[in-house]
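Everything below concerns the one structure shown next.
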Amino acid sequence: MKKYILAVLVCALLLTGSADSYAVGLQTGDIDGYTGDIDAYLEASMKQAGIPNVSIGIVRHGEAVYLQDYGRSPDSGESIYPIGSLSKMFTALAVRQLINDGKLKEDAHVDQYLPDFHASYQGNDASVTIGQLIRHTSGISAIDGGMPYIYKAGYSLADIVKKSANLKLNHRPGTAYEYSNLNYIFLGRIAEVVSGCSFEDYVNEEILEPLRMERTFPNAAGLEDGNHIKGHIPFYGAAVSVSYRISAGDSPAGGFLSTTEDLCRFMVCYQQGGRTDEVSLISGNEGSGRQSSGSDVYYDIYWTKIDRKPGMRFTHNGSLPGYSSSILLDTDSGYGIVVLTNSFNQMNLQKNAPTPWSMAEDILEYLTEGKFPEAADVTYDYSIMILLICLLAGLVLFSVFMLRRKIKSKIALFIFLVIPILWIVLVPLIYDSSLEWLLVSNPAVNVSLLCIMASLALVGIVKIFRSRHNT
């Protein structure tokens with residue numbers, strides 16, 4: 001499947017119990033005859049994938065025609081979800097506004113706006129442009145864009161940019177596509193510098209307020225705890241509820257929270273050529289950036305293009321620990337679909353399990369073809385969990401062996417106290433992140449490692465106590 005990008009002018013596992021899901025209807029339009037089948041499909045998908053809550057919105061030809069929430073607990077129908085990388089749509093739009101207003105130049109070098117920014121490729125200085133950040137062709141690596149410090153609570157955009165200012169690029173700028181969150185974090189900071197206000201204030205005033213997206217937030221700072229759906233992460237086959245705050249510095253790349261109703265407004269505005277009844281969100285050269293760079297994949301304020309005959313489809317996905325989301329637009333039928341969930345198959349333990357992106361595709365196929373695709377059998381890969389369980393079991397046996405064996409107190413102190421304490425203290429310091437985020441981002445692995453270190457420390461305490469008691 002070829003991938004391109006088209007301008008958008010605006011724009012894990014849960015144990016399946018016996019509790020029945022239900023839906024809270026919000027609004028219907030010209031798809032009334034299809035909603036029963038859609039509801040049944042989504043409820044079956046939730047049960048199959050162990051997803052606690054799903055929210056869906058459907059638009060067609062510039063009108064919201066269906067909004068529905070599904071879940072295991074009552075909700076108002078305006079459920080707020082963290083939307084992960086869907087946030088980039090708003091950042092790209094903000095940057096395009098600044099470019100079209102003449103406040104920012106697409107071919108300008110990043111260090112013109114961020115003097116501390118420095119990049120190198122194969123030992124030589126490299127210049128990165130605004131356009132390359134937008135299209136993910138800057139050469140910045142995906143690994144650099146996923147460093148834990150990016151998500152550290154309390155870090156501002158300026159803080160993250162300062163820590164990330166000296167980069168070794170994976171590719172020569174402009175020559176290859178590599179998706180990296182840092183591209184959009186830099187863009188968010190540049191928007192602040194150029195506009196003279198915070199990224200959050202700019203997006204609120206120039207995008208969210210004109211679209212009346214009243215339940216969309218650039219970050220969780222304006223929300224009280226409990227005002228958004230809690231995420232769920234997989235942990236040894238069960239789904240564990242989590243609540244955490246991402247730093248405001250990650251807002252441009254993945255920190256937004258929104259509802260399907262608000263995101264439908266965003267899609268409707270796209271379908272109306274970047275306008276609402278009251279305002280136009282883009283001025284100047286609205287076609288700017290549509291030209292292909294000559295590669296199969298490029299990125300602007302664009303979504304991934306999926307070639308279809310007839311028509312074209314455009315999509316963007318997002319994910320965070322405990323959440324996943326997807327938006328899909330079909331130019332031929334005029335349908336747009338957004339799916340938000342509070343679960344993420346983080347370790348890929350489930351094979352062929354429904355995801356927001358597969359749900360959106362399946363629903364679109366049903367609306368356009370009259371039938372859902374045949375569901376694939378869900379299989380489970382427990383190899384990672386089995387390895388971790390064996391590791392923990394081995395630790396228990398090792399601990400019993402060490403407790404029965406005589407060992408010098410100084411050696412015991414080093415093995416069983418110094419090493420675990422150093423791990424617990426130094427790992428967050430090395431990654432400049434909180435231990436909480438490290439545990440949430442990969443719970444099965446990191447919690448298991450934490451248990452191992454805590455167990456070693458406990459054995460060390462017992463060994464030292466026995467050694468001193470015997471002397």
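In the structure tokens, each chain is lettered A, B, ... as it comes, each chain's residues begin at 1, and ligands are numbered from 1 in order of appearance.
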List every residue of region 9-205 of chain A that DSSP, applied to the backbone of this structure, places in strand (DSSP E or B), and write the result as a ChimeraX atom specification.
/A:22-28,54-60,63-71,81-82,109,118-121,124-126,129,166-168
Export, as a tab-separated table (two decimals), in the first residue's frame, the selected residues with N, CA and C atoms.
```
chain	number	residue	atom	x	y	z
A	22	TYR	N	-22.85	-1.07	27.22
A	22	TYR	CA	-24.03	-0.37	26.78
A	22	TYR	C	-23.58	0.86	26.04
A	23	ALA	N	-24.47	1.48	25.30
A	23	ALA	CA	-24.13	2.66	24.52
A	23	ALA	C	-24.99	3.83	24.95
A	24	VAL	N	-24.39	5.01	24.97
A	24	VAL	CA	-25.10	6.24	25.27
A	24	VAL	C	-25.20	7.03	23.98
A	25	GLY	N	-26.41	7.10	23.38
A	25	GLY	CA	-26.56	7.76	22.10
A	25	GLY	C	-26.56	9.27	22.24
A	26	LEU	N	-25.93	9.95	21.29
A	26	LEU	CA	-25.85	11.41	21.34
A	26	LEU	C	-26.60	12.05	20.18
A	27	GLN	N	-26.41	11.51	19.00
A	27	GLN	CA	-26.92	12.20	17.83
A	27	GLN	C	-26.93	11.22	16.66
A	28	THR	N	-27.97	11.28	15.84
A	28	THR	CA	-27.99	10.47	14.63
A	28	THR	C	-28.37	11.34	13.45
A	54	VAL	N	-15.08	2.84	24.39
A	54	VAL	CA	-14.87	3.30	23.02
A	54	VAL	C	-15.82	4.46	22.77
A	55	SER	N	-15.33	5.47	22.08
A	55	SER	CA	-16.17	6.58	21.64
A	55	SER	C	-15.99	6.75	20.15
A	56	ILE	N	-17.09	6.89	19.42
A	56	ILE	CA	-17.03	6.98	17.96
A	56	ILE	C	-17.79	8.21	17.48
A	57	GLY	N	-17.28	8.83	16.44
A	57	GLY	CA	-17.97	9.93	15.77
A	57	GLY	C	-17.90	9.73	14.27
A	58	ILE	N	-19.01	9.99	13.59
A	58	ILE	CA	-19.07	9.85	12.13
A	58	ILE	C	-19.61	11.14	11.53
A	59	VAL	N	-18.94	11.65	10.51
A	59	VAL	CA	-19.43	12.79	9.75
A	59	VAL	C	-19.61	12.37	8.30
A	60	ARG	N	-20.47	13.11	7.61
A	60	ARG	CA	-20.62	12.87	6.17
A	60	ARG	C	-20.97	14.18	5.47
A	63	GLU	N	-21.29	17.19	7.82
A	63	GLU	CA	-22.28	17.16	8.90
A	63	GLU	C	-22.01	15.97	9.81
A	64	ALA	N	-22.07	16.20	11.12
A	64	ALA	CA	-21.94	15.10	12.07
A	64	ALA	C	-23.23	14.30	12.06
A	65	VAL	N	-23.13	12.99	11.79
A	65	VAL	CA	-24.32	12.16	11.66
A	65	VAL	C	-24.45	11.11	12.75
A	66	TYR	N	-23.38	10.85	13.48
A	66	TYR	CA	-23.49	9.83	14.54
A	66	TYR	C	-22.40	10.03	15.57
A	67	LEU	N	-22.80	10.11	16.84
A	67	LEU	CA	-21.88	10.17	17.96
A	67	LEU	C	-22.34	9.17	18.99
A	68	GLN	N	-21.45	8.32	19.46
A	68	GLN	CA	-21.86	7.26	20.36
A	68	GLN	C	-20.71	6.88	21.29
A	69	ASP	N	-21.06	6.65	22.55
A	69	ASP	CA	-20.10	6.18	23.54
A	69	ASP	C	-20.49	4.78	23.99
A	70	TYR	N	-19.50	3.94	24.16
A	70	TYR	CA	-19.70	2.57	24.63
A	70	TYR	C	-18.79	2.34	25.82
A	71	GLY	N	-19.26	1.58	26.80
A	71	GLY	CA	-18.38	1.33	27.93
A	71	GLY	C	-19.02	0.56	29.04
A	81	TYR	N	-10.74	12.02	26.09
A	81	TYR	CA	-9.65	11.05	25.99
A	81	TYR	C	-8.35	11.76	25.62
A	82	PRO	N	-7.22	11.35	26.18
A	82	PRO	CA	-5.94	11.72	25.58
A	82	PRO	C	-5.88	11.13	24.16
A	109	HIS	N	15.84	28.02	8.42
A	109	HIS	CA	16.51	27.06	9.27
A	109	HIS	C	15.99	27.17	10.70
A	118	HIS	N	21.15	22.64	17.50
A	118	HIS	CA	22.31	22.22	16.71
A	118	HIS	C	22.14	20.76	16.31
A	119	ALA	N	22.35	20.47	15.03
A	119	ALA	CA	22.23	19.10	14.53
A	119	ALA	C	23.46	18.76	13.71
A	120	SER	N	23.82	17.48	13.75
A	120	SER	CA	24.95	17.01	12.96
A	120	SER	C	24.59	15.68	12.30
A	121	TYR	N	25.21	15.43	11.15
A	121	TYR	CA	25.02	14.17	10.43
A	121	TYR	C	26.38	13.62	10.05
A	124	ASN	N	29.33	15.94	10.74
A	124	ASN	CA	29.33	17.27	10.14
A	124	ASN	C	28.07	18.03	10.52
A	125	ASP	N	28.20	19.35	10.66
A	125	ASP	CA	27.04	20.18	10.97
A	125	ASP	C	25.97	20.01	9.89
A	126	ALA	N	24.71	20.02	10.33
A	126	ALA	CA	23.60	19.87	9.39
A	126	ALA	C	22.54	20.93	9.70
A	129	THR	N	15.38	22.55	8.25
A	129	THR	CA	14.42	23.61	7.96
A	129	THR	C	13.08	23.34	8.65
A	166	ASN	N	21.04	19.44	20.94
A	166	ASN	CA	22.19	18.89	20.20
A	166	ASN	C	21.87	17.47	19.75
A	167	LEU	N	21.63	17.32	18.47
A	167	LEU	CA	21.14	16.05	17.94
A	167	LEU	C	22.07	15.48	16.88
A	168	LYS	N	22.23	14.15	16.92
A	168	LYS	CA	22.89	13.42	15.85
A	168	LYS	C	21.80	12.82	14.98
```
Compile the contact shell of Ile229 (chain A) as a ChimeraX atom specification: residues with an atom at most 8 Å away, counting only C-alpha atoms, same-chain residues fewer than 3 positions apart removed.
/A:79-81,226,342
Output N, CA and C atoms for every residue in that selection, as a short mmCIF file (atom, residue, chain, number, x, y, z; two decimals), in the first residue's frame.
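Resulting contents of again-v9.cif:
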```cif
data_model
loop_
_atom_site.label_atom_id
_atom_site.label_comp_id
_atom_site.auth_asym_id
_atom_site.auth_seq_id
_atom_site.Cartn_x
_atom_site.Cartn_y
_atom_site.Cartn_z
N SER A 79 -17.13 12.11 26.39
CA SER A 79 -15.96 11.56 27.08
C SER A 79 -14.67 12.19 26.56
N ILE A 80 -13.82 12.62 27.50
CA ILE A 80 -12.55 13.24 27.15
C ILE A 80 -11.45 12.17 27.21
N TYR A 81 -10.74 12.02 26.09
CA TYR A 81 -9.65 11.05 25.99
C TYR A 81 -8.35 11.76 25.62
N GLY A 226 -9.78 12.97 37.16
CA GLY A 226 -11.07 12.32 37.06
C GLY A 226 -11.96 12.90 35.98
N ASN A 342 -9.71 3.70 25.42
CA ASN A 342 -8.84 3.82 26.60
C ASN A 342 -8.10 2.52 26.87
#
```
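Take CA of Gly174 (chain A) and CA of Tyr113 (chain A): the distance between them is 18.9 Å.
With only C-alpha atoms taken into account, the protein and nucleic acid residues at most 9 Å from region 185-192 of chain A (excluding it and anything under 6 positions from it in its own chain) are Thr91, Ala92, Ala94, Val95, Leu98, Leu104, Val110, Tyr113, Leu114, Ile130, Leu133, Ile134, Gly145, Leu157, Ala158, Ile160, Val161, Ser198, Phe199, Glu200, Tyr202, Gly249, Asp250, Ser251, Pro252 and Ala253 of chain A.
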Within 6 Å of Lys152 (chain A) using only C-alpha atoms, minus same-chain residues under 2 positions, as a ChimeraX atom specification:
/A:149-150,155,247,433
Report as a short mmCIF file (atom, residue, chain, number, x, y, z; two decimals) with C-alpha atoms, in the first residue's frame all protein, DNA and RNA residues lying within 9 Å of Gly139 (chain A), evaluated on only C-alpha atoms, omitting residues in the same chain fewer than 2 positions from it.
```
data_model
loop_
_atom_site.label_atom_id
_atom_site.label_comp_id
_atom_site.auth_asym_id
_atom_site.auth_seq_id
_atom_site.Cartn_x
_atom_site.Cartn_y
_atom_site.Cartn_z
CA TYR A 121 25.02 14.17 10.43
CA VAL A 128 17.27 21.54 9.38
CA GLN A 132 11.61 19.29 7.13
CA LEU A 133 10.31 19.28 10.70
CA HIS A 136 9.33 14.37 9.32
CA THR A 137 12.27 14.55 6.92
CA SER A 141 15.37 9.73 14.91
CA LYS A 168 22.89 13.42 15.85
CA LEU A 169 20.67 12.86 12.84
CA ASN A 170 19.86 9.45 11.36
CA HIS A 171 19.63 10.85 7.82
CA ARG A 172 20.83 13.86 5.91
CA PRO A 173 18.03 16.46 6.26
CA GLY A 174 15.49 16.30 3.46
CA THR A 175 16.52 12.88 2.13
CA ALA A 176 14.39 10.41 4.10
CA TYR A 177 11.20 10.16 6.12
CA GLU A 178 11.43 9.14 9.78
CA SER A 180 9.75 11.52 15.33
#
```
A:Ala375, A:Met213, A:Met359, A:Ala454: which is nearest Arg265 (chain A), counting only C-alpha atoms?
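Among the listed residues, the smallest separation from Arg265 (chain A) belongs to A:Met213.
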Pick out the closest residue to Ile337 (chain A) from this set: A:His61, A:Arg135, A:Lys351, A:Lys47. Count only C-alpha atoms.
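The closest residue to Ile337 (chain A) is A:His61.
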Can you pull out every residue from region 133-266 of chain A that DSSP, working from the backbone, puts in alpha helix (DSSP H), and format the result as a count of residues only?
36
If we count only C-alpha atoms, what is near Phe372 (chain A) at a cut-off of 10 Å, once residues fewer than 2 positions away on the same chain are taken out, given as number ranges by chain?
A: 37-38, 41, 359, 361-370, 374-375
Nearest to Tyr184 (chain A) by atom-to-atom distance, counting only C-alpha atoms, from A:Asn53, A:Thr331, A:Ser138, A:Thr35:
A:Ser138
